[in-house]
Amino acid sequence: MIDLKYLQKNFDEASVKLAKKGVDGETLEELKTLFANLKEVNSTLEVSKAEQNKMSKLFGQYKREGKDVAELKAKVDANKEIISTLQTKANVANVALQNIALAMPNFPDDSVPHGADESDNIELKRVMKPRVFDFEPKEHWALAEMNGWIDFERGVKLAKSRFSVLRGDAARMERALINFFLDCNAKKGFEEVCVPFINNASMLQGTGQLPKFGDDLFKIEGEELYLIPTAEVPLTNLYNDEILTAKELPILLTGYTPCFRKEAGSAGRDTRGMIRQHQFDKVEMVAIANPNQSAEIFKMMVENASDILTQLGLPHRVVELCGGDLGFSAAMTIDLEVWLPGQNKYREISSISNTKEFQARRAKIRFKDNKKNSLVHTLNGSALAVGRTLVAIMENYQNSDGSINTPEVLKKYM
């Protein structure tokens, strides 16, 4: 959650930051009105409480002096009613403020470029040159059919559209990729963690999926439980409402999970193949860091994901997201986009974000710093999305007869 004290004290400056992320003026004006209402109610409440304390002290004085306290008691009782009414108004105003704040995105970092959408993102560099084919490269769904790797029809039969079944070598390669990613992350100091694939609503609020993105989550009927959309949720919330020591930081975590998303709002996009599925595998990196460490860790996480793609022999590019394309919780994000020769374009395969203290404030993750409690910075990123990596291998390692070679680094896992 954004820092409401900062927003209130520096409203114009904060508004400029939020506008960079697409927050409209009407929402900001509503927030400003809520601040004013709460301030007015609290001010009146404090006056009434001060008056109540003053009158309460008079009781003892009146009794010592033998005065009649009936009139004073009536005034105290009337003031109690006023205080009760004002307290209710303050509570209502505070809840309204908290609700709108929970739906407010993180402030983008000052370094984030201006822009409306992905067309305004900035390419930082390209890694490896795409292979030049002496034949027309096929897309992964055509290769899947030729090799019997992915059964789309039976995936739909078992569940519904945007589910698929991996078979034979594809299933083995999926498992190989998961193990390879986890091993690569472990070499960078990430501790492997196996977490529940179902989390409660409080955890999803902590990392920013709730309340704003509830429509994209699969909810367990009759429970305040959800299938996780990413391992970022359980890994980050391992330390929900905890106070760490400075010596414990940074905490680097990695884990494999399936991820579940309704893909609300994506109708008509990537309807063929495995690019956009309701269920997909991913290996995640999460860091919980001292604020003065987060920039360095962010750079390390980007380099790690890029190095994994390089080891796999997959050409890719590194892209800095503009304000209009930043995710809800992110203060800054670097995307890695892998080259898909069948589609003749780069497609996102990893998104690495520094949320700074945004998630920590929501999830109450703190550390003791010089005898005071401070908010940590949290970072997250894919290393990597497994299904999209499988797609990239199929398209980049295909042969003219439709067969698919195995990247050298995966052979020992196969």
# chains A, B, ... in the order shown; residues from 1 in each chain; ligands from 1

call {"tool": "select_by_dssp", "arguments": {"residues": "region 122-184 of chain A", "states": "strand (DSSP E)", "output": "PDB file with C-alpha atoms, in the first residue's frame"}}
result
ATOM      1  CA  ILE A 122      12.409   0.987 -23.688  1.00  0.00           C
ATOM      2  CA  GLU A 123      14.594  -1.787 -25.058  1.00  0.00           C
ATOM      3  CA  LEU A 124      17.856  -1.797 -23.073  1.00  0.00           C
ATOM      4  CA  LYS A 125      19.740  -4.525 -24.929  1.00  0.00           C
ATOM      5  CA  ARG A 126      19.506  -7.729 -26.948  1.00  0.00           C
ATOM      6  CA  VAL A 127      21.255 -10.927 -25.905  1.00  0.00           C
ATOM      7  CA  ILE A 150       0.947 -31.126 -26.342  1.00  0.00           C
ATOM      8  CA  ASP A 151      -2.638 -32.378 -26.366  1.00  0.00           C
ATOM      9  CA  VAL A 165      -1.842 -31.730 -21.504  1.00  0.00           C
ATOM     10  CA  LEU A 166       1.910 -32.256 -21.954  1.00  0.00           C
TER      11      LEU A 166
END

call {"tool": "residues_around", "arguments": {"residues": "region 193-196 of chain A", "least_positions_apart": "3", "cutoff": "12 Å", "atoms": "only C-alpha atoms", "output": "compact mmCIF listing (two decimals) with C-alpha atoms, in the first residue's frame"}}
result
# COMPACT_ATOMS: atom_id res chain seq x y z
CA LEU A 182 15.82 -24.15 -9.30
CA ASN A 185 18.67 -19.94 -8.59
CA ALA A 186 20.30 -21.95 -5.79
CA PHE A 190 18.23 -18.42 -3.29
CA ASN A 199 -3.47 -19.12 0.09
CA ASN A 200 -5.95 -17.16 2.18
CA MET A 203 -1.98 -13.16 1.94
CA LEU A 225 -9.05 -19.30 0.02
CA TYR A 226 -7.68 -18.92 -3.52
CA LEU A 227 -5.49 -20.84 -5.93
CA ILE A 228 -2.29 -18.81 -6.17
CA PRO A 229 -1.67 -16.76 -9.34
CA THR A 230 2.10 -16.82 -8.69
CA ALA A 231 4.54 -18.14 -6.08
CA GLU A 232 5.28 -14.49 -5.28
CA VAL A 233 2.23 -14.62 -2.98
CA PRO A 234 3.26 -17.42 -0.58
CA LEU A 235 7.00 -16.73 -0.78
CA THR A 236 6.66 -13.03 0.11
CA ASN A 237 4.02 -13.68 2.76
CA LEU A 238 6.14 -16.24 4.60
CA ILE A 251 16.33 -13.20 2.42
CA LEU A 252 16.43 -14.79 -1.04
CA LEU A 253 13.76 -17.38 -1.82
CA THR A 254 12.89 -19.50 -4.84
CA GLY A 255 10.16 -22.02 -5.46
CA TYR A 256 8.30 -23.93 -8.14
CA THR A 257 4.51 -23.75 -8.22
CA PRO A 258 1.72 -24.13 -10.71
CA CYS A 259 -0.03 -20.79 -11.18
CA VAL A 283 9.80 -20.89 -10.91
CA GLU A 284 9.83 -17.67 -8.93
CA MET A 285 12.51 -15.57 -7.24
CA VAL A 286 11.59 -13.42 -4.23

call {"tool": "closest_residue", "arguments": {"among": "A:Thr333, A:Ser351, A:Asn292, A:Asn380", "to": "Pro113 (chain A)", "atoms": "only C-alpha atoms"}}
result
A:Thr333

call {"tool": "atom_distance", "arguments": {"atom1": "CA of Glu357 (chain A)", "atom2": "CA of Glu192 (chain A)"}}
result
23.5 Å

call {"tool": "closest_residue", "arguments": {"among": "A:Glu118, A:Ser43, A:Asp77, A:Glu221", "to": "Lys89 (chain A)", "atoms": "only C-alpha atoms"}}
result
A:Ser43

call {"tool": "residues_around", "arguments": {"residues": "Gly324 (chain A)", "least_positions_apart": "3", "cutoff": "12 Å", "atoms": "only C-alpha atoms", "output": "PDB file with N, CA and C atoms, in the first residue's frame"}}
result
ATOM      1  N   LYS A  17       3.180  11.536  -9.580  1.00  0.00           N
ATOM      2  CA  LYS A  17       3.727  10.173  -9.644  1.00  0.00           C
ATOM      3  C   LYS A  17       2.650   9.168 -10.054  1.00  0.00           C
ATOM      4  N   LEU A  18       1.472   9.276  -9.427  1.00  0.00           N
ATOM      5  CA  LEU A  18       0.396   8.324  -9.705  1.00  0.00           C
ATOM      6  C   LEU A  18      -0.168   8.511 -11.112  1.00  0.00           C
ATOM      7  N   ALA A  19      -0.185   9.750 -11.591  1.00  0.00           N
ATOM      8  CA  ALA A  19      -0.657  10.005 -12.959  1.00  0.00           C
ATOM      9  C   ALA A  19       0.247   9.325 -13.969  1.00  0.00           C
ATOM     10  N   LYS A  20       1.530   9.206 -13.634  1.00  0.00           N
ATOM     11  CA  LYS A  20       2.495   8.508 -14.493  1.00  0.00           C
ATOM     12  C   LYS A  20       2.109   7.051 -14.683  1.00  0.00           C
ATOM     13  N   LYS A  21       1.366   6.529 -13.692  1.00  0.00           N
ATOM     14  CA  LYS A  21       0.933   5.139 -13.737  1.00  0.00           C
ATOM     15  C   LYS A  21      -0.517   5.003 -14.195  1.00  0.00           C
ATOM     16  N   GLY A  22      -1.111   6.124 -14.612  1.00  0.00           N
ATOM     17  CA  GLY A  22      -2.442   6.069 -15.198  1.00  0.00           C
ATOM     18  C   GLY A  22      -3.579   6.291 -14.235  1.00  0.00           C
ATOM     19  N   VAL A  23      -3.290   6.707 -12.986  1.00  0.00           N
ATOM     20  CA  VAL A  23      -4.370   6.999 -12.038  1.00  0.00           C
ATOM     21  C   VAL A  23      -5.017   8.323 -12.437  1.00  0.00           C
ATOM     22  N   ASP A  24      -6.338   8.322 -12.602  1.00  0.00           N
ATOM     23  CA  ASP A  24      -7.017   9.511 -13.110  1.00  0.00           C
ATOM     24  C   ASP A  24      -7.252  10.544 -12.014  1.00  0.00           C
ATOM     25  N   PRO A 105      -2.482   1.961  -6.917  1.00  0.00           N
ATOM     26  CA  PRO A 105      -1.217   1.310  -7.275  1.00  0.00           C
ATOM     27  C   PRO A 105      -0.016   1.953  -6.595  1.00  0.00           C
ATOM     28  N   PHE A 107       3.576   3.839  -6.174  1.00  0.00           N
ATOM     29  CA  PHE A 107       4.234   4.955  -6.847  1.00  0.00           C
ATOM     30  C   PHE A 107       5.338   4.408  -7.752  1.00  0.00           C
ATOM     31  N   PRO A 108       5.418   4.836  -9.006  1.00  0.00           N
ATOM     32  CA  PRO A 108       6.547   4.421  -9.839  1.00  0.00           C
ATOM     33  C   PRO A 108       7.820   5.116  -9.378  1.00  0.00           C
ATOM     34  N   VAL A 112      11.577   5.573 -13.718  1.00  0.00           N
ATOM     35  CA  VAL A 112      10.690   4.915 -14.688  1.00  0.00           C
ATOM     36  C   VAL A 112      10.305   5.897 -15.792  1.00  0.00           C
ATOM     37  N   PRO A 113      10.479   5.494 -17.065  1.00  0.00           N
ATOM     38  CA  PRO A 113      10.144   6.406 -18.166  1.00  0.00           C
ATOM     39  C   PRO A 113       8.642   6.630 -18.292  1.00  0.00           C
ATOM     40  N   HIS A 114       8.265   7.807 -18.783  1.00  0.00           N
ATOM     41  CA  HIS A 114       6.858   8.087 -19.054  1.00  0.00           C
ATOM     42  C   HIS A 114       6.398   7.257 -20.249  1.00  0.00           C
ATOM     43  N   GLY A 115       5.113   6.932 -20.267  1.00  0.00           N
ATOM     44  CA  GLY A 115       4.561   6.195 -21.387  1.00  0.00           C
ATOM     45  C   GLY A 115       3.184   5.677 -21.047  1.00  0.00           C
ATOM     46  N   ALA A 116       2.380   5.420 -22.084  1.00  0.00           N
ATOM     47  CA  ALA A 116       0.992   5.005 -21.876  1.00  0.00           C
ATOM     48  C   ALA A 116       0.823   3.496 -21.808  1.00  0.00           C
ATOM     49  N   ASP A 117       1.606   2.763 -22.622  1.00  0.00           N
ATOM     50  CA  ASP A 117       1.443   1.314 -22.699  1.00  0.00           C
ATOM     51  C   ASP A 117       2.733   0.673 -23.175  1.00  0.00           C
ATOM     52  N   GLU A 118       2.666  -0.619 -23.510  1.00  0.00           N
ATOM     53  CA  GLU A 118       3.882  -1.384 -23.849  1.00  0.00           C
ATOM     54  C   GLU A 118       4.624  -0.824 -25.063  1.00  0.00           C
ATOM     55  N   SER A 119       3.935  -0.082 -25.912  1.00  0.00           N
ATOM     56  CA  SER A 119       4.598   0.501 -27.078  1.00  0.00           C
ATOM     57  C   SER A 119       5.613   1.578 -26.678  1.00  0.00           C
ATOM     58  N   ASP A 120       5.499   2.066 -25.434  1.00  0.00           N
ATOM     59  CA  ASP A 120       6.420   3.096 -24.945  1.00  0.00           C
ATOM     60  C   ASP A 120       7.530   2.530 -24.060  1.00  0.00           C
ATOM     61  N   ASN A 121       7.583   1.194 -23.923  1.00  0.00           N
ATOM     62  CA  ASN A 121       8.662   0.576 -23.163  1.00  0.00           C
ATOM     63  C   ASN A 121       9.990   0.775 -23.883  1.00  0.00           C
ATOM     64  N   GLU A 320      12.829  -2.169 -20.338  1.00  0.00           N
ATOM     65  CA  GLU A 320      12.395  -1.395 -19.174  1.00  0.00           C
ATOM     66  C   GLU A 320      10.962  -0.926 -19.400  1.00  0.00           C
ATOM     67  N   LEU A 321      10.083  -1.228 -18.444  1.00  0.00           N
ATOM     68  CA  LEU A 321       8.675  -0.872 -18.591  1.00  0.00           C
ATOM     69  C   LEU A 321       8.442   0.595 -18.254  1.00  0.00           C
ATOM     70  N   GLY A 327       3.094  -2.942 -13.514  1.00  0.00           N
ATOM     71  CA  GLY A 327       2.097  -3.660 -12.744  1.00  0.00           C
ATOM     72  C   GLY A 327       1.662  -2.887 -11.510  1.00  0.00           C
ATOM     73  N   PHE A 328       0.581  -3.317 -10.911  1.00  0.00           N
ATOM     74  CA  PHE A 328      -0.047  -2.631  -9.784  1.00  0.00           C
ATOM     75  C   PHE A 328       0.924  -2.404  -8.623  1.00  0.00           C
ATOM     76  N   ALA A 330       4.308  -2.784  -8.624  1.00  0.00           N
ATOM     77  CA  ALA A 330       5.694  -2.505  -8.984  1.00  0.00           C
ATOM     78  C   ALA A 330       6.042  -1.026  -8.918  1.00  0.00           C
ATOM     79  N   ALA A 331       7.235  -0.746  -8.381  1.00  0.00           N
ATOM     80  CA  ALA A 331       7.806   0.596  -8.472  1.00  0.00           C
ATOM     81  C   ALA A 331       8.659   0.700  -9.729  1.00  0.00           C
ATOM     82  N   MET A 332       9.226  -0.431 -10.150  1.00  0.00           N
ATOM     83  CA  MET A 332       9.992  -0.506 -11.396  1.00  0.00           C
ATOM     84  C   MET A 332      10.020  -1.963 -11.843  1.00  0.00           C
ATOM     85  N   THR A 333      10.056  -2.168 -13.153  1.00  0.00           N
ATOM     86  CA  THR A 333      10.031  -3.524 -13.703  1.00  0.00           C
ATOM     87  C   THR A 333      10.914  -3.619 -14.933  1.00  0.00           C
TER      88      THR A 333
END

call {"tool": "residues_around", "arguments": {"residues": "Phe181 (chain A)", "least_positions_apart": "4", "cutoff": "12 Å", "atoms": "only C-alpha atoms", "output": "number ranges by chain"}}
result
A: 173-177, 185-188, 190, 192, 254-256, 281-285, 304-309, 311-312, 382-386, 389, 409-410, 413

call {"tool": "residues_around", "arguments": {"residues": "Thr33 (chain A)", "least_positions_apart": "6", "cutoff": "10 Å", "atoms": "only C-alpha atoms", "output": "list in words"}}
result
Thr27, Lys39 and Leu97 of chain A

call {"tool": "atom_distance", "arguments": {"atom1": "CA of Leu379 (chain A)", "atom2": "CA of Ser202 (chain A)"}}
result
19.0 Å

call {"tool": "closest_residue", "arguments": {"among": "A:Thr355, A:Gln8, A:Gln205, A:Gln87", "to": "Glu46 (chain A)", "atoms": "only C-alpha atoms"}}
result
A:Gln87

call {"tool": "closest_residue", "arguments": {"among": "A:Ile2, A:Leu314, A:Leu102, A:Met301", "to": "Ile352 (chain A)", "atoms": "only C-alpha atoms"}}
result
A:Met301

call {"tool": "atom_distance", "arguments": {"atom1": "CA of Cys184 (chain A)", "atom2": "CA of Met300 (chain A)"}}
result
12.7 Å

call {"tool": "closest_residue", "arguments": {"among": "A:Gln98, A:Ser353, A:Asn42, A:Thr406", "to": "Leu86 (chain A)", "atoms": "only C-alpha atoms"}}
result
A:Asn42

call {"tool": "closest_residue", "arguments": {"among": "A:Glu303, A:Glu29, A:Asp12, A:Asp68", "to": "Leu336 (chain A)", "atoms": "only C-alpha atoms"}}
result
A:Glu303

call {"tool": "residues_around", "arguments": {"residues": "Phe135 (chain A)", "least_positions_apart": "5", "cutoff": "10 Å", "atoms": "only C-alpha atoms", "output": "ChimeraX atom specification"}}
result
/A:399-401

call {"tool": "write_last_selection", "arguments": {"atoms": "C-alpha atoms", "output": "compact mmCIF listing (two decimals), in the first residue's frame"}}
result
# COMPACT_ATOMS: atom_id res chain seq x y z
CA ASN A 399 14.53 -28.93 -37.45
CA SER A 400 13.20 -28.90 -41.00
CA ASP A 401 11.48 -32.26 -40.48

call {"tool": "select_by_dssp", "arguments": {"residues": "region 178-318 of chain A", "states": "helix (DSSP H, G or I)", "output": "MDAnalysis selection string"}}
result
chainID A and resid 178:187 201:207 214:216 232:239 246:248 294:311

call {"tool": "write_last_selection", "arguments": {"atoms": "N, CA and C atoms", "output": "short mmCIF file (atom, residue, chain, number, x, y, z; two decimals), in the first residue's frame"}}
result
data_model
loop_
_atom_site.label_atom_id
_atom_site.label_comp_id
_atom_site.auth_asym_id
_atom_site.auth_seq_id
_atom_site.Cartn_x
_atom_site.Cartn_y
_atom_site.Cartn_z
N ILE A 178 12.12 -27.13 -14.78
CA ILE A 178 11.88 -26.75 -13.38
C ILE A 178 13.12 -27.01 -12.54
N ASN A 179 13.70 -28.21 -12.68
CA ASN A 179 14.89 -28.55 -11.90
C ASN A 179 16.08 -27.67 -12.29
N PHE A 180 16.24 -27.40 -13.58
CA PHE A 180 17.34 -26.55 -14.04
C PHE A 180 17.21 -25.14 -13.47
N PHE A 181 16.01 -24.57 -13.52
CA PHE A 181 15.78 -23.22 -12.99
C PHE A 181 16.09 -23.15 -11.49
N LEU A 182 15.59 -24.14 -10.74
CA LEU A 182 15.82 -24.15 -9.30
C LEU A 182 17.30 -24.26 -8.97
N ASP A 183 18.02 -25.09 -9.73
CA ASP A 183 19.46 -25.25 -9.51
C ASP A 183 20.21 -23.95 -9.82
N CYS A 184 19.82 -23.28 -10.90
CA CYS A 184 20.45 -21.99 -11.24
C CYS A 184 20.22 -20.96 -10.15
N ASN A 185 18.99 -20.91 -9.65
CA ASN A 185 18.67 -19.94 -8.59
C ASN A 185 19.43 -20.26 -7.30
N ALA A 186 19.58 -21.55 -7.00
CA ALA A 186 20.30 -21.95 -5.79
C ALA A 186 21.76 -21.49 -5.84
N LYS A 187 22.36 -21.54 -7.03
CA LYS A 187 23.75 -21.09 -7.19
C LYS A 187 23.89 -19.59 -6.93
N ALA A 201 -7.12 -15.09 1.84
CA ALA A 201 -7.35 -13.75 1.28
C ALA A 201 -6.38 -12.72 1.84
N SER A 202 -6.01 -12.86 3.11
CA SER A 202 -5.11 -11.89 3.73
C SER A 202 -3.75 -11.89 3.03
N MET A 203 -3.28 -13.07 2.62
CA MET A 203 -1.98 -13.16 1.94
C MET A 203 -2.04 -12.50 0.56
N LEU A 204 -3.14 -12.69 -0.13
CA LEU A 204 -3.29 -12.08 -1.46
C LEU A 204 -3.46 -10.57 -1.36
N GLN A 205 -4.01 -10.10 -0.26
CA GLN A 205 -4.07 -8.65 -0.05
C GLN A 205 -2.67 -8.12 0.25
N GLY A 206 -1.88 -8.91 0.96
CA GLY A 206 -0.54 -8.50 1.32
C GLY A 206 0.35 -8.21 0.12
N THR A 207 0.22 -9.00 -0.94
CA THR A 207 1.06 -8.79 -2.13
C THR A 207 0.35 -8.00 -3.22
N GLY A 214 -9.48 -9.44 -7.84
CA GLY A 214 -10.23 -10.62 -7.45
C GLY A 214 -10.85 -11.36 -8.61
N ASP A 215 -11.24 -10.65 -9.66
CA ASP A 215 -11.89 -11.29 -10.81
C ASP A 215 -10.95 -12.20 -11.59
N ASP A 216 -9.63 -12.06 -11.38
CA ASP A 216 -8.68 -12.88 -12.12
C ASP A 216 -8.23 -14.09 -11.31
N GLU A 232 4.98 -15.76 -5.96
CA GLU A 232 5.28 -14.49 -5.28
C GLU A 232 4.41 -14.33 -4.03
N VAL A 233 3.16 -14.80 -4.10
CA VAL A 233 2.23 -14.62 -2.98
C VAL A 233 2.69 -15.38 -1.74
N PRO A 234 2.83 -16.73 -1.80
CA PRO A 234 3.26 -17.42 -0.58
C PRO A 234 4.70 -17.14 -0.18
N LEU A 235 5.60 -16.96 -1.14
CA LEU A 235 7.00 -16.73 -0.78
C LEU A 235 7.18 -15.39 -0.05
N THR A 236 6.57 -14.34 -0.55
CA THR A 236 6.66 -13.03 0.11
C THR A 236 5.98 -13.06 1.47
N ASN A 237 4.82 -13.70 1.53
CA ASN A 237 4.02 -13.68 2.76
C ASN A 237 4.48 -14.69 3.81
N LEU A 238 5.56 -15.41 3.54
CA LEU A 238 6.14 -16.24 4.60
C LEU A 238 6.46 -15.38 5.82
N TYR A 239 6.74 -14.10 5.57
CA TYR A 239 7.13 -13.18 6.66
C TYR A 239 6.05 -12.13 6.92
N ALA A 246 18.08 -6.97 11.17
CA ALA A 246 18.86 -6.48 10.03
C ALA A 246 19.83 -7.54 9.53
N LYS A 247 20.32 -8.38 10.45
CA LYS A 247 21.29 -9.42 10.08
C LYS A 247 20.67 -10.49 9.19
N GLU A 248 19.36 -10.68 9.30
CA GLU A 248 18.69 -11.71 8.48
C GLU A 248 18.57 -11.30 7.02
N SER A 294 18.19 -3.13 -2.10
CA SER A 294 17.22 -3.59 -3.10
C SER A 294 17.65 -3.29 -4.54
N ALA A 295 18.32 -2.17 -4.79
CA ALA A 295 18.74 -1.84 -6.15
C ALA A 295 19.75 -2.86 -6.67
N GLU A 296 20.68 -3.24 -5.82
CA GLU A 296 21.70 -4.23 -6.20
C GLU A 296 21.08 -5.60 -6.43
N ILE A 297 20.13 -5.97 -5.58
CA ILE A 297 19.47 -7.28 -5.72
C ILE A 297 18.60 -7.30 -6.97
N PHE A 298 17.94 -6.19 -7.26
CA PHE A 298 17.13 -6.09 -8.47
C PHE A 298 17.99 -6.37 -9.71
N LYS A 299 19.15 -5.76 -9.77
CA LYS A 299 20.07 -5.97 -10.89
C LYS A 299 20.51 -7.43 -10.97
N MET A 300 20.81 -8.04 -9.82
CA MET A 300 21.22 -9.45 -9.78
C MET A 300 20.13 -10.37 -10.29
N MET A 301 18.87 -10.09 -9.92
CA MET A 301 17.76 -10.94 -10.34
C MET A 301 17.55 -10.87 -11.86
N VAL A 302 17.67 -9.67 -12.42
CA VAL A 302 17.55 -9.51 -13.88
C VAL A 302 18.66 -10.28 -14.58
N GLU A 303 19.88 -10.14 -14.09
CA GLU A 303 21.02 -10.83 -14.70
C GLU A 303 20.88 -12.34 -14.59
N ASN A 304 20.34 -12.81 -13.47
CA ASN A 304 20.18 -14.26 -13.28
C ASN A 304 19.19 -14.84 -14.29
N ALA A 305 18.05 -14.18 -14.46
CA ALA A 305 17.05 -14.67 -15.42
C ALA A 305 17.60 -14.62 -16.84
N SER A 306 18.33 -13.57 -17.16
CA SER A 306 18.93 -13.44 -18.50
C SER A 306 19.97 -14.53 -18.71
N ASP A 307 20.76 -14.82 -17.67
CA ASP A 307 21.80 -15.85 -17.79
C ASP A 307 21.18 -17.23 -18.01
N ILE A 308 20.06 -17.50 -17.38
CA ILE A 308 19.38 -18.79 -17.58
C ILE A 308 18.98 -18.94 -19.04
N LEU A 309 18.40 -17.88 -19.62
CA LEU A 309 18.02 -17.93 -21.03
C LEU A 309 19.25 -18.11 -21.93
N THR A 310 20.34 -17.47 -21.58
CA THR A 310 21.57 -17.59 -22.37
C THR A 310 22.09 -19.02 -22.31
N GLN A 311 22.08 -19.62 -21.12
CA GLN A 311 22.53 -21.01 -20.99
C GLN A 311 21.67 -21.95 -21.83
#
